[in-house]
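Below: the structure, in structure tokens.
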Amino acid sequence: MSSLSFPDINVWLALLVEDHRHRSPALGWWRADQSDRIAFSRLIQIGVLRVLTTAAAMNDRPLRMAEAWSAHDHLYLDDRVVFLPEPTAIERSCRQAARSGRASPKL
């Protein structure tokens with residue numbers, strides 16, 4: 001059985017931004033993690049690219065989009081990093097859940 005780590009945007013940013021305040025613990029986790037795969041989803045990927053290109057989040061030193069993609073792509077030099085595409089039926093499932101008639105942010 002293979003293991004999977006699925007870090008959120010903040011972990012990826014700490015790994016990518018040299019002066020990020022949480023870079024040291026993120027790198028410690030990265031080096032110690034024994035997962036077979038460390039995964040990106042489309043939502044996490046978009047979030048990382050958005051933050052890397054946002055001046056307020058990058059201490060007025062945002063990356064250009066091409067630079068952000070390059071930083072993102074650099075992570076794939078580690079064989080553990082993978083992209084997990086959305087399941088093909090996810091749209092139908094989301095729409096069915098939204099039609100349930102129950103208002104819930106956790107639905």
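Residues in the structure tokens are numbered from 1 in each chain, the chains being A, B, ... in the order shown, and ligands are numbered from 1 in the order shown.
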Determine, using only C-alpha atoms, which residues of segment 27-62 of chain A have any atom at most 6 Å from an atom of segment 71-91 of chain A, and tabulate each with its shortest atom pair and distance in Å to one decimal place, rows ordered by chain and then rising number, as JSON lines.
```
{"residue": "A:Asp36", "atom": "CA", "partner": "A:Arg80", "partner_atom": "CA", "distance": 5.7}
{"residue": "A:Arg37", "atom": "CA", "partner": "A:Arg80", "partner_atom": "CA", "distance": 4.4}
{"residue": "A:Ile38", "atom": "CA", "partner": "A:Val81", "partner_atom": "CA", "distance": 4.7}
{"residue": "A:Ala39", "atom": "CA", "partner": "A:Val82", "partner_atom": "CA", "distance": 4.9}
{"residue": "A:Phe40", "atom": "CA", "partner": "A:Phe83", "partner_atom": "CA", "distance": 4.8}
{"residue": "A:Ser41", "atom": "CA", "partner": "A:Leu84", "partner_atom": "CA", "distance": 5.2}
```
Checklist entry - Can you list, as a ChimeraX atom specification, every residue of chain A that DSSP puts in helix (DSSP H, G or I)? => result /A:9-16,23-32,42-52,56-58,65-77,90-98
Could you pull out the residues in segment 16-54 of chain A that DSSP calls strand (DSSP E or B) from the backbone, as a JSON list (two decimals) with N, CA, C and O atoms, in the first residue's frame?
```json
[["chain", "number", "residue", "atom", "x", "y", "z"],
["A", 37, "ARG", "N", 3.92, 9.46, -2.26],
["A", 37, "ARG", "CA", 3.45, 10.54, -3.12],
["A", 37, "ARG", "C", 3.11, 11.75, -2.26],
["A", 37, "ARG", "O", 2.55, 11.61, -1.18],
["A", 38, "ILE", "N", 3.46, 12.94, -2.77],
["A", 38, "ILE", "CA", 3.06, 14.20, -2.17],
["A", 38, "ILE", "C", 2.27, 14.91, -3.26],
["A", 38, "ILE", "O", 2.81, 15.21, -4.32],
["A", 39, "ALA", "N", 1.00, 15.15, -3.01],
["A", 39, "ALA", "CA", 0.08, 15.47, -4.10],
["A", 39, "ALA", "C", -0.41, 16.91, -4.14],
["A", 39, "ALA", "O", -0.62, 17.54, -3.11],
["A", 40, "PHE", "N", -0.58, 17.36, -5.37],
["A", 40, "PHE", "CA", -1.28, 18.59, -5.71],
["A", 40, "PHE", "C", -2.64, 18.21, -6.27],
["A", 40, "PHE", "O", -2.76, 17.24, -7.01]]
```
Checklist entry - Looking at only C-alpha atoms, which of A:Ile44, A:Leu49, A:Leu4, A:Met58 is the one that sits closest to Val17 of chain A? => result A:Met58
